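input_9.cif (mmCIF, C-alpha atoms)
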```cif
data_structure
#
loop_
_atom_site.label_atom_id
_atom_site.label_comp_id
_atom_site.auth_asym_id
_atom_site.auth_seq_id
_atom_site.Cartn_x
_atom_site.Cartn_y
_atom_site.Cartn_z
CA MET A 13 -20.34 16.09 34.96
CA SER A 14 -19.61 15.69 38.64
CA VAL A 15 -16.20 15.65 40.34
CA ARG A 16 -16.04 15.07 44.07
CA ILE A 17 -12.81 14.74 46.07
CA THR A 18 -12.67 13.88 49.77
CA ILE A 19 -9.79 13.30 52.18
CA ALA A 20 -11.16 12.08 55.49
CA ASP A 21 -9.78 10.99 58.85
CA GLY A 22 -9.61 7.22 59.39
CA PRO A 23 -11.21 4.42 57.39
CA LEU A 24 -13.84 5.23 54.78
CA GLY A 25 -17.35 4.16 55.68
CA GLU A 26 -19.74 2.16 53.56
CA ALA A 27 -20.10 3.35 49.97
CA SER A 28 -23.31 5.14 49.16
CA LEU A 29 -23.92 5.35 45.46
CA PRO A 30 -25.86 8.36 44.24
CA GLY A 31 -27.80 8.14 41.01
CA PHE A 32 -25.93 9.07 37.83
CA PRO A 33 -28.47 10.05 35.16
CA GLY A 34 -27.36 8.89 31.71
CA ALA A 35 -24.82 6.39 33.01
CA GLY A 36 -24.61 2.95 31.45
CA ALA A 37 -21.67 1.96 33.65
CA VAL A 38 -20.82 2.74 37.26
CA VAL A 39 -17.53 1.26 38.45
CA VAL A 40 -16.48 1.25 42.10
CA PHE A 41 -12.95 0.45 43.25
CA GLU A 42 -12.03 0.10 46.92
CA GLY A 43 -8.51 -0.15 48.29
CA ILE A 44 -8.45 -2.32 51.42
CA VAL A 45 -5.60 -2.57 53.92
CA ARG A 46 -4.06 -6.04 53.72
CA ALA A 47 -2.98 -7.97 56.80
CA LEU A 48 0.49 -8.67 55.43
CA GLU A 49 3.20 -6.22 54.42
CA ASP A 50 6.50 -7.73 53.26
CA ASP A 51 5.24 -11.06 54.66
CA ARG A 52 4.86 -9.53 58.16
CA LEU A 53 1.56 -9.23 59.98
CA LEU A 54 0.68 -5.60 60.62
CA ASN A 55 -1.94 -3.81 62.69
CA ALA A 56 -2.77 -0.97 60.34
CA LEU A 57 -1.48 1.53 57.82
CA HIS A 58 -1.06 5.20 58.63
CA TYR A 59 -1.56 7.71 55.82
CA ASP A 60 0.19 11.08 55.81
CA THR A 61 -1.05 13.71 53.38
CA TYR A 62 0.36 17.04 52.26
CA GLU A 63 -2.66 19.30 52.04
CA PRO A 64 -3.98 21.17 50.21
CA MET A 65 -1.66 19.82 47.50
CA ALA A 66 -3.02 16.27 47.78
CA GLN A 67 -6.59 17.52 47.41
CA ASN A 68 -5.63 19.83 44.52
CA MET A 69 -3.77 17.08 42.67
CA LEU A 70 -6.62 14.58 43.07
CA ARG A 71 -9.03 17.18 41.68
CA ALA A 72 -6.75 18.08 38.75
CA ILE A 73 -6.37 14.42 37.76
CA ALA A 74 -10.11 13.86 38.09
CA GLU A 75 -10.96 16.88 35.93
CA ASP A 76 -8.45 15.81 33.25
CA LEU A 77 -9.93 12.32 33.09
CA VAL A 78 -13.53 13.51 33.05
CA GLN A 79 -12.68 15.53 29.93
CA GLU A 80 -10.48 12.89 28.32
CA HIS A 81 -12.96 10.01 28.75
CA ASP A 82 -16.19 12.01 28.59
CA LEU A 83 -17.23 10.81 32.05
CA ILE A 84 -20.50 11.58 33.79
CA ALA A 85 -18.92 11.51 37.25
CA LEU A 86 -15.70 10.77 39.11
CA HIS A 87 -15.76 10.69 42.91
CA ALA A 88 -12.53 9.89 44.79
CA SER A 89 -12.09 9.51 48.55
CA HIS A 90 -8.86 8.83 50.45
CA SER A 91 -8.11 8.31 54.12
CA ARG A 92 -5.64 10.17 56.27
CA GLY A 93 -4.38 8.77 59.56
CA ARG A 94 -4.83 5.23 60.81
CA VAL A 95 -6.70 2.58 58.80
CA GLY A 96 -6.87 -0.94 60.23
CA ILE A 97 -6.52 -4.17 58.29
CA GLY A 98 -9.62 -5.06 56.32
CA GLU A 99 -10.76 -1.42 56.27
CA CYS A 100 -11.13 0.81 53.23
CA SER A 101 -8.54 3.56 52.67
CA PHE A 102 -9.38 4.58 49.11
CA ARG A 103 -12.55 4.57 47.04
CA LEU A 104 -13.07 5.60 43.45
CA ILE A 105 -16.45 5.78 41.75
CA VAL A 106 -16.54 6.40 38.01
CA ALA A 107 -19.72 6.75 35.97
CA SER A 108 -19.89 6.93 32.20
CA ALA A 109 -22.19 6.12 29.32
CA HIS A 110 -20.19 3.03 28.36
CA ARG A 111 -18.09 0.46 30.23
CA LYS A 112 -14.77 1.03 28.47
CA GLN A 113 -14.65 4.74 29.36
CA ALA A 114 -15.18 4.07 33.06
CA LEU A 115 -12.68 1.21 33.24
CA ALA A 116 -9.98 3.13 31.36
CA ALA A 117 -10.47 6.23 33.51
CA MET A 118 -10.32 4.21 36.70
CA ASP A 119 -7.02 2.60 35.74
CA ALA A 120 -5.55 5.94 34.65
CA PHE A 121 -6.66 7.71 37.84
CA ILE A 122 -5.00 5.15 40.11
CA ASP A 123 -1.78 5.18 38.07
CA ARG A 124 -1.57 8.97 38.21
CA MET A 125 -2.45 9.11 41.89
CA LYS A 126 0.33 6.67 42.73
CA GLN A 127 2.78 8.79 40.76
CA ASP A 128 1.84 12.38 41.65
CA VAL A 129 -0.43 12.78 44.67
CA PRO A 130 1.46 13.56 47.91
CA ILE A 131 0.08 10.84 50.15
CA TRP A 132 2.32 8.39 51.97
CA LYS A 133 1.49 5.22 53.82
CA ARG A 134 3.56 3.64 56.56
CA PRO A 135 2.96 0.35 58.31
CA ILE A 136 1.98 0.22 61.97
CA TRP A 137 3.42 -2.98 63.37
CA PRO A 138 1.96 -4.68 66.46
CA GLU A 139 5.02 -3.79 68.56
CA HIS A 140 4.52 -0.07 67.80
CA GLU A 141 1.03 -0.03 69.29
CA GLN A 142 2.03 -2.20 72.26
CA GLU A 143 4.78 0.31 73.07
CA SER A 144 2.50 3.32 72.81
CA GLY A 145 -0.64 1.74 74.20
CA MET B 29 17.42 30.80 53.70
CA ILE B 30 14.78 28.47 52.27
CA ARG B 31 12.78 26.12 54.48
CA VAL B 32 11.97 22.89 52.66
CA ARG B 33 9.21 20.67 54.04
CA LEU B 34 9.77 16.91 53.95
CA PHE B 35 7.33 14.03 54.11
CA GLY B 36 7.18 10.24 54.15
CA PRO B 37 10.43 8.41 53.34
CA GLU B 38 12.40 11.64 52.92
CA ALA B 39 11.45 12.87 56.40
CA ALA B 40 12.23 9.44 57.83
CA ALA B 41 15.58 9.27 56.01
CA ILE B 42 17.01 12.28 57.80
CA GLY B 43 14.80 12.31 60.91
CA THR B 44 13.11 15.69 60.46
CA ASP B 45 10.13 17.16 58.64
CA SER B 46 11.94 20.23 57.33
CA VAL B 47 15.43 21.45 56.46
CA GLN B 48 16.89 24.91 55.91
CA VAL B 49 18.96 25.55 52.80
CA THR B 50 21.01 28.68 52.11
CA LEU B 51 21.34 29.79 48.50
CA GLN B 52 22.87 32.94 47.03
CA GLY B 53 20.72 35.38 45.04
CA ALA B 54 17.65 34.40 43.06
CA ALA B 55 17.61 30.62 43.30
CA SER B 56 15.79 28.21 41.02
CA CYS B 57 14.24 24.91 41.98
CA GLN B 58 17.14 23.13 40.28
CA ASN B 59 19.63 25.17 42.36
CA LEU B 60 17.72 24.17 45.48
CA LEU B 61 17.55 20.50 44.53
CA ASP B 62 21.29 20.44 43.75
CA GLU B 63 22.18 21.99 47.11
CA LEU B 64 19.68 19.86 49.02
CA THR B 65 21.05 16.61 47.62
CA ARG B 66 24.62 17.79 48.15
CA ILE B 67 23.92 18.33 51.86
CA HIS B 68 21.65 15.29 52.22
CA PRO B 69 22.54 12.67 49.58
CA ASP B 70 19.69 10.43 50.78
CA LEU B 71 17.06 12.90 49.58
CA THR B 72 15.46 12.58 46.14
CA GLY B 73 12.28 13.93 44.64
CA ARG B 74 10.59 16.86 42.95
CA ILE B 75 10.21 20.38 44.28
CA ALA B 76 6.72 21.75 44.86
CA ILE B 77 6.13 25.48 45.25
CA ASN B 78 2.92 26.63 46.91
CA HIS B 79 1.37 23.16 46.57
CA GLU B 80 2.14 22.63 42.87
CA PHE B 81 5.00 20.78 41.20
CA ALA B 82 7.47 23.38 39.93
CA GLN B 83 9.62 23.49 36.82
CA PRO B 84 13.40 23.27 37.42
CA GLU B 85 13.94 26.84 36.19
CA GLN B 86 11.23 28.38 38.42
CA ILE B 87 12.65 31.02 40.76
CA ILE B 88 11.76 30.59 44.43
CA GLY B 89 10.23 33.63 46.12
CA GLU B 90 10.82 34.64 49.73
CA SER B 91 7.28 33.87 50.85
CA ASP B 92 6.87 30.65 48.86
CA GLU B 93 6.04 27.40 50.63
CA VAL B 94 8.59 24.87 49.41
CA ALA B 95 8.34 21.09 49.70
CA LEU B 96 10.30 18.10 48.48
CA ILE B 97 7.94 15.42 47.17
CA GLY B 98 9.66 12.04 46.93
CA LEU B 99 8.11 8.71 46.03
CA VAL B 100 4.45 8.78 47.01
CA SER B 101 2.44 5.76 48.11
CA GLY B 102 -1.26 6.56 48.33
CA GLY B 103 -4.06 4.20 47.51
#
```

Representation of the structure as structure tokens:
Amino acid sequence: MSVRITIADGPLGEASLPGFPGAGAVVVFEGIVRALEDDRLLNALHYDTYEPMAQNMLRAIAEDLVQEHDLIALHASHSRGRVGIGECSFRLIVASAHRKQALAAMDAFIDRMKQDVPIWKRPIWPEHEQESG
Amino acid sequence: MIRVRLFGPEAAAIGTDSVQVTLQGAASCQNLLDELTRIHPDLTGRIAINHEFAQPEQIIGESDEVALIGLVSGG
């Protein structure tokens, strides 16, 4: 089994999928910053993280789910700092022998992350960047 | 004196990223949370000690890093 956790500055680059020997299903989820927040156009989201707790919590959730769903791999990456609209701030790759394991683990990971992992996003509105830029 | 780190909406709510709380004797996380919300009623959340969520009865040590983790919003 393979667990990989990354918290990186700025938007996540293109996904590169390694091989997962034995996998019959590889599921990739990407969280993309939307242009609208509360019906207002924004410039970006800014992510604050509390580290190393955020990293530790992501790893603990990943290791739980690898055991629970008998996964081959779970790789999670999250941004910190500024991520512009249309860019990727979160990526989850889950590999398992069968489809249902990977899909269930993916859903569970995201639910637990949104409940327990100390990462916060805040909108950056156009007027904020005009003032500072 | 316990320094409590704040993040996200909690930091924004009171305009600072940490607060100092004075408690008598060996204080538990529940004691801290009670006093913190008495002083700052806008604050809610769970206490983390040394980067892990703590149980309410856990006693806070002098050298512990203490944080209030409110609603998170990653993803």

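Counting from CA of Ala85 (chain A), the distance to CA of Val15 (chain A) is 5.8 Å.
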
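In this model, the gap between CA of Ser108 (chain A) and CA of Asp82 (chain A) comes to 7.2 Å.
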
task: Pick out the chain B residues within 12 Å of chain A. Count all atoms listed in the file. Give them as an NGL selection string.
output: :B and (33-40 or 45 or 73-81 or 93-103)

Any chance you could export the current selection's C-alpha atoms as an mmCIF file, keeping the file's coordinate frame?
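Below you can see part-v2.cif, which holds the result:
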```cif
data_model
loop_
_atom_site.group_PDB
_atom_site.id
_atom_site.type_symbol
_atom_site.label_atom_id
_atom_site.label_comp_id
_atom_site.auth_asym_id
_atom_site.auth_seq_id
_atom_site.Cartn_x
_atom_site.Cartn_y
_atom_site.Cartn_z
ATOM 1 C CA ARG B 33 9.210 20.670 54.040
ATOM 2 C CA LEU B 34 9.770 16.910 53.950
ATOM 3 C CA PHE B 35 7.330 14.030 54.110
ATOM 4 C CA GLY B 36 7.180 10.240 54.150
ATOM 5 C CA PRO B 37 10.430 8.410 53.340
ATOM 6 C CA GLU B 38 12.400 11.640 52.920
ATOM 7 C CA ALA B 39 11.450 12.870 56.400
ATOM 8 C CA ALA B 40 12.230 9.440 57.830
ATOM 9 C CA ASP B 45 10.130 17.160 58.640
ATOM 10 C CA GLY B 73 12.280 13.930 44.640
ATOM 11 C CA ARG B 74 10.590 16.860 42.950
ATOM 12 C CA ILE B 75 10.210 20.380 44.280
ATOM 13 C CA ALA B 76 6.720 21.750 44.860
ATOM 14 C CA ILE B 77 6.130 25.480 45.250
ATOM 15 C CA ASN B 78 2.920 26.630 46.910
ATOM 16 C CA HIS B 79 1.370 23.160 46.570
ATOM 17 C CA GLU B 80 2.140 22.630 42.870
ATOM 18 C CA PHE B 81 5.000 20.780 41.200
ATOM 19 C CA GLU B 93 6.040 27.400 50.630
ATOM 20 C CA VAL B 94 8.590 24.870 49.410
ATOM 21 C CA ALA B 95 8.340 21.090 49.700
ATOM 22 C CA LEU B 96 10.300 18.100 48.480
ATOM 23 C CA ILE B 97 7.940 15.420 47.170
ATOM 24 C CA GLY B 98 9.660 12.040 46.930
ATOM 25 C CA LEU B 99 8.110 8.710 46.030
ATOM 26 C CA VAL B 100 4.450 8.780 47.010
ATOM 27 C CA SER B 101 2.440 5.760 48.110
ATOM 28 C CA GLY B 102 -1.260 6.560 48.330
ATOM 29 C CA GLY B 103 -4.060 4.200 47.510
#
```

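Atom pair CA of Arg46 (chain A) / CA of Arg124 (chain A) has a distance of 21.7 Å (rounded to one decimal).
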
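Once the PyMOL selection byres ((chain A and resi 34) around 8) is applied to the shown structure, the selection contains Phe32, Pro33, Ala35, Gly36, Ile84, Ser108 and Ala109 of chain A.
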
message: Neighbouring residues of Ile67 (chain B) were defined as those with any atom within 10 Å, considering all atoms listed in the file; residues of the same chain fewer than 5 positions away were excluded. Please report them as number ranges by chain.
response: B: 49, 61-62
